[in-house]
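S.K.: Starting off with a structure, shown below.
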Amino acid sequence: MSPEELGGRLAELSGGTASVTFGELTVDAPRESWVAAVTAARDDPELDLSSFDWLSGVDELEAGFDVVLHVFSVRHRHRALLRTRVPRADPRVASLVAVFPGADWHERETHEMFGVTFDGHPGLVPLLLPDGFTGHPLRKDFVLAARVAKEWPGAKEPGESHTGVTRRRMRPPGVPDDWGPAAVVGPARADRADRPERPARADRPDRPAPADRPERPARVDRPDRPDRPARAERPEPPGRPDPGDPPDRGEAGR
């Protein structure tokens with residue numbers, strides 16, 4: 001079954017739409033029939049998409065969140081990407097644990113990272129984040145607090161050119177301009193405000209000029225070393241052939 005035929009069959013069963021891009025099939029099903037569409041894809045003998053691969057989410061900003069499911073058929077050797085969209089104001093959809101028990105862990109992760117609630121899930125308890133963590137890190141509006149609180153590890157700050165001309169310090173993606181400590185460019189930055197100012201050069205003790213320094217004593221010639229005796233030539237070990245002699249190829253080569 002070709003991807004186009006597979007998409008037509010899935011769209012007919014799910015009541016959604018199918019599209020094929022670069023040979024990959026994607027089927028968009030309505031949120032209300034999400035469980036029915038996935039169940040039909042699993043139980044239909046022509047499809048037999050009974051092997052669960054993974055489930056995750058995609059943040060589409062104002063459009064909402066996409067819940068994406070990838071399944072494949074071991075018997076027919078084809079696969080499909082099933083997708084449904086939930087609104088941002090009410091990010092919830094029915095759970096697929098009753099259809100694919102392996103979706104339990106994936107729905108917990110998607111709920112934790114995107115804030116999508118799966119109705120009917122046996123327990124959407126935290127999976128990856130520490131206790132007391134606030135927010136959903138994979139949402140595009142999540143503030144990257146670590147990029148603001150921690151110094152930039154590179155040799156130059158973002159926005160600083162190789163010529164030394166420092167422009168306005170850039171904020172990491174997703175961080176509002178009025179969030180976090182004020183970013184001041186130059187020596188008056190927040191981390192240098194408590195450092196004492198370096199004294200002017202006139203207040204430093206002057207170093208002696210080269211003419212006032214004491215002269216270095218002249219180098220005393222070392223006494224000549226006695227000549228070492230020449231190394232005695234070592235005798236050649238017995239049995240070593242002379243390099244000028246032709247190689248011995250045996251009786252067969254003579």
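Residue numbers start at 1 in each chain; chains themselves are named A, B, ... in the order of the structure tokens; ligands are numbered from 1 in the order shown.
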Could the residues of segment 71-103 of chain A that have an atom at most 7 Å from segment 53-63 of chain A be listed as a Markdown table, each with its closest atom pair and the distance in Å to one decimal, counting only C-alpha atoms and ordered by chain and ascending residue number?
M.R.:
| residue | atom | partner | partner_atom | distance |
| --- | --- | --- | --- | --- |
| A:Val71 | CA | A:Asp53 | CA | 5.4 |
| A:Pro87 | CA | A:Ala63 | CA | 6.8 |
| A:Arg88 | CA | A:Glu62 | CA | 6.9 |
| A:Ala103 | CA | A:Leu55 | CA | 6.8 |
S.K.: Near segment 122-135 of chain A, within 8 Å and counting only C-alpha atoms, which residues show up once chain neighbours fewer than 6 positions away are dropped, as a PyMOL selection string?
M.R.: chain A and resi 107-109+111-112+142
S.K.: Would you export the selected residues with C-alpha atoms as a PDB file, in the first residue's frame, please?
M.R.:
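That gives us again36.pdb:
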ATOM      1  CA  GLU A 107       1.846  11.321  27.812  1.00  0.00           C
ATOM      2  CA  ARG A 108       3.372  12.044  31.209  1.00  0.00           C
ATOM      3  CA  GLU A 109       6.373  13.668  29.533  1.00  0.00           C
ATOM      4  CA  HIS A 111       2.033  16.876  30.020  1.00  0.00           C
ATOM      5  CA  GLU A 112       5.109  17.922  31.975  1.00  0.00           C
ATOM      6  CA  PHE A 142       9.081  29.644  28.527  1.00  0.00           C
TER       7      PHE A 142
END
S.K.: Taking 5 positions as the minimum chain separation for residues in the same chain, which residues sit within 9 Å of Arg9 of chain A when counting only C-alpha atoms? Answer as a list in words.
M.R.: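 Here the qualifying residues turn out to be Glu4, Ser14, Glu46 and Leu47 of chain A.
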S.K.: Go ahead and write the selection's residues with C-alpha atoms as a short mmCIF file (atom, residue, chain, number, x, y, z; two decimals), in the first residue's frame.
M.R.:
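The file below, result09.cif, is the result:
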data_model
loop_
_atom_site.label_atom_id
_atom_site.label_comp_id
_atom_site.auth_asym_id
_atom_site.auth_seq_id
_atom_site.Cartn_x
_atom_site.Cartn_y
_atom_site.Cartn_z
CA GLU A 4 -1.28 7.99 -0.67
CA SER A 14 -10.62 9.09 11.23
CA GLU A 46 -5.56 -3.22 5.83
CA LEU A 47 -3.66 -0.76 8.01
#
S.K.: Could you state the separation of atom CA of Ser51 of chain A and atom CA of Leu82 of chain A in Å, given to one decimal place?
M.R.: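 Interatomic distance here is 13.0 Å.
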